[in-house]
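**Student:** One structure is given below, represented as structure tokens, and several questions about it will come after.
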Amino acid sequence: QVPLVESGGGTVQPGGSLRLSCAQGGYAFSVYTMAWYRQAPGKERELVARIVSRWPSDLADYADFVKGRFTISRDNAKKTVFLEMNNVKPEDAAVYYCNRDPPTLTWGQGTQVTVSPWGQGTQVTVSS
């Protein structure tokens with residue numbers, strides 16, 4: 001079993017940015033096409049972007065609904081794939097997962113992206 005660990009999610013305001021990361025355990029990484037997927041409540045999981053290693057530059061492909069806003073990248077030495085999310089829209093709210101394309105690995109826990117005009121807030125604690 002090859003573990004996938006996604007991170008970087010959180011609450012972002014519309015128009016804001018987030019950077020997601022996904023680290024893969026195991027041995028084989030660079031030879032596979034890696035991808036980001038997302039699943040919103042009540043919807044099917046959908047492909048967001050994918051990337052294949054090529055020299056001199058990797059090749060990336062995006063779903064129409066994120067083209068021009070999201071950027072996928074990878075670091076084969078660290079077995080990590082990234083998703084830079086810019087100009088986030090309310091409809092981008094979902095749990096984001098990474099996997100190979102096609103998704104042959106066991107799914108990880110994903111990382112939640114919430115889009116809110118209020119942002120994530122900040123806790124204030126008053127203690128005497």
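Residue numbers start at 1 in each chain; chains themselves are named A, B, ... in the order of the structure tokens; ligands are numbered from 1 in the order shown.
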If we count only C-alpha atoms, what is near A:Arg50 at a cut-off of 6 Å, once residues fewer than 3 positions away on the same chain are taken out, given as a list in words?
**Tutor:**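 In the requested format, the answer is Met34, Ala35, Ala60 and Asp61 of chain A.
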**Student:** Can those selected residues be exported to a file as a PDB file, in the first residue's frame so that it contains N, CA, C and O atoms?
**Tutor:**
ATOM      1  N   MET A  34       0.774  12.105 -12.101  1.00  0.00           N
ATOM      2  CA  MET A  34       0.109  12.414 -10.836  1.00  0.00           C
ATOM      3  C   MET A  34      -0.981  13.441 -11.077  1.00  0.00           C
ATOM      4  O   MET A  34      -0.897  14.244 -12.015  1.00  0.00           O
ATOM      5  N   ALA A  35      -1.984  13.399 -10.234  1.00  0.00           N
ATOM      6  CA  ALA A  35      -3.137  14.269 -10.463  1.00  0.00           C
ATOM      7  C   ALA A  35      -3.757  14.712  -9.147  1.00  0.00           C
ATOM      8  O   ALA A  35      -3.574  14.083  -8.107  1.00  0.00           O
ATOM      9  N   ALA A  60       1.500  19.510 -18.139  1.00  0.00           N
ATOM     10  CA  ALA A  60       0.349  19.600 -17.255  1.00  0.00           C
ATOM     11  C   ALA A  60      -0.933  19.776 -18.070  1.00  0.00           C
ATOM     12  O   ALA A  60      -0.917  20.342 -19.161  1.00  0.00           O
ATOM     13  N   ASP A  61      -2.002  19.289 -17.493  1.00  0.00           N
ATOM     14  CA  ASP A  61      -3.312  19.361 -18.151  1.00  0.00           C
ATOM     15  C   ASP A  61      -4.334  19.723 -17.081  1.00  0.00           C
ATOM     16  O   ASP A  61      -4.238  19.228 -15.945  1.00  0.00           O
TER      17      ASP A  61
END
**Student:** What lies within 7 Å of stretch 17-26 of chain A using only C-alpha atoms, ignoring chain neighbours under 2 positions off, as a VMD selection string?
**Tutor:** chain A and resid 2 to 9 12 15 28 79 to 88 98
**Student:** Could you list, as a PyMOL selection string, every residue within 6 Å of A:Tyr96, counting only C-alpha atoms and ignoring same-chain residues fewer than 5 positions away?
**Tutor:** chain A and resi 37-38+110-111
**Student:** Which of these residues is nearest to A:Glu91, using only C-alpha atoms: A:Thr11, A:Thr33, A:Thr114, A:Ser53?
**Tutor:**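 Of the candidates, the smallest distance to A:Glu91 is held by A:Thr114.
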**Student:** Taking the DSSP secondary structure from the backbone, can you list the residues of chain A that are strand (DSSP E or B), as a VMD selection string?
**Tutor:** chain A and resid 4 to 7 10 to 12 18 to 24 34 to 39 46 to 52 59 to 62 70 to 75 80 to 85 94 to 100 111 to 115
**Student:** Write to file, as a JSON list (two decimals), in the first residue's frame, the residues of the selection just made, with C-alpha atoms.
**Tutor:**
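again21.json written:
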[["chain", "number", "residue", "atom", "x", "y", "z"],
["A", 4, "LEU", "CA", -0.79, 9.51, 0.05],
["A", 5, "VAL", "CA", -0.85, 12.44, 2.47],
["A", 6, "GLU", "CA", -2.52, 15.66, 1.37],
["A", 7, "SER", "CA", -2.11, 18.95, 3.22],
["A", 10, "GLY", "CA", -8.09, 25.55, 4.85],
["A", 11, "THR", "CA", -10.53, 28.43, 4.63],
["A", 12, "VAL", "CA", -9.94, 30.99, 1.93],
["A", 18, "LEU", "CA", -3.99, 28.32, -1.32],
["A", 19, "ARG", "CA", -1.17, 25.88, -2.00],
["A", 20, "LEU", "CA", -1.89, 22.21, -1.54],
["A", 21, "SER", "CA", 0.75, 19.53, -1.16],
["A", 22, "CYS", "CA", 0.62, 15.78, -1.47],
["A", 23, "ALA", "CA", 3.43, 13.52, -0.37],
["A", 24, "GLN", "CA", 3.59, 9.96, -1.59],
["A", 34, "MET", "CA", 0.11, 12.41, -10.84],
["A", 35, "ALA", "CA", -3.14, 14.27, -10.46],
["A", 36, "TRP", "CA", -5.32, 16.27, -8.15],
["A", 37, "TYR", "CA", -8.98, 15.41, -7.76],
["A", 38, "ARG", "CA", -11.74, 16.99, -5.73],
["A", 39, "GLN", "CA", -15.07, 15.97, -4.32],
["A", 46, "GLU", "CA", -13.61, 14.85, -10.42],
["A", 47, "LEU", "CA", -10.21, 15.35, -11.98],
["A", 48, "VAL", "CA", -8.79, 18.84, -11.45],
["A", 49, "ALA", "CA", -5.31, 18.68, -12.96],
["A", 50, "ARG", "CA", -2.61, 16.17, -13.86],
["A", 51, "ILE", "CA", 1.09, 16.30, -14.55],
["A", 52, "VAL", "CA", 3.57, 13.98, -16.19],
["A", 59, "LEU", "CA", 3.50, 18.49, -19.05],
["A", 60, "ALA", "CA", 0.35, 19.60, -17.25],
["A", 61, "ASP", "CA", -3.31, 19.36, -18.15],
["A", 62, "TYR", "CA", -6.25, 21.09, -16.45],
["A", 70, "PHE", "CA", -4.68, 26.61, -10.73],
["A", 71, "THR", "CA", -1.16, 25.35, -11.36],
["A", 72, "ILE", "CA", 0.01, 21.80, -10.73],
["A", 73, "SER", "CA", 3.67, 21.01, -10.19],
["A", 74, "ARG", "CA", 5.77, 18.17, -8.84],
["A", 75, "ASP", "CA", 9.05, 17.52, -7.08],
["A", 80, "THR", "CA", 5.46, 15.45, -3.79],
["A", 81, "VAL", "CA", 2.88, 17.04, -6.03],
["A", 82, "PHE", "CA", 1.54, 20.54, -5.50],
["A", 83, "LEU", "CA", -1.55, 22.48, -6.48],
["A", 84, "GLU", "CA", -1.33, 26.25, -6.47],
["A", 85, "MET", "CA", -4.86, 27.64, -6.30],
["A", 94, "ALA", "CA", -14.32, 20.55, -1.82],
["A", 95, "VAL", "CA", -12.07, 17.90, -0.36],
["A", 96, "TYR", "CA", -8.98, 17.71, -2.55],
["A", 97, "TYR", "CA", -7.15, 14.44, -3.13],
["A", 98, "CYS", "CA", -4.10, 13.43, -5.06],
["A", 99, "ASN", "CA", -3.52, 10.12, -6.81],
["A", 100, "ARG", "CA", -2.06, 8.77, -9.96],
["A", 111, "THR", "CA", -7.50, 18.07, 2.47],
["A", 112, "GLN", "CA", -10.55, 20.27, 2.91],
["A", 113, "VAL", "CA", -10.81, 23.57, 1.05],
["A", 114, "THR", "CA", -13.52, 25.89, 2.33],
["A", 115, "VAL", "CA", -14.38, 29.12, 0.54]]
**Student:** By how many Å are atom CA of A:Lys43 and atom CA of A:Pro102 apart?
**Tutor:**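 So the answer is 18.9 Å.
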**Student:** Would you compute the distance between atom CA of A:Gly108 and atom CA of A:Val66? Give it in Å to one decimal.
**Tutor:**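 Atom CA of A:Val66 lies at a distance of 22.1 Å from atom CA of A:Gly108.
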**Student:** For atom CA of A:Gly68 and atom CA of A:Gly121, determine how far apart the two atoms are, in Å to one decimal place.
**Tutor:**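 Atom-to-atom, atom CA of A:Gly68 and atom CA of A:Gly121 are spaced 28.2 Å apart.
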**Student:** For each of A:Ala93, A:Ser127, A:Lys67, A:Thr106, take the minimum atom-to-atom distance to A:Pro14, counting only C-alpha atoms, then give the residue where this is smallest.
**Tutor:**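 The shortest atom-to-atom distance to A:Pro14 comes from A:Ala93.
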**Student:** Under the rule that only C-alpha atoms are counted, which of A:Phe65, A:Tyr32, A:Trp55, A:Tyr27 is the nearest residue to A:Asp92?
**Tutor:**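 Going through A:Phe65, A:Tyr32, A:Trp55, A:Tyr27 one by one, the smallest distance to A:Asp92 is for A:Phe65.
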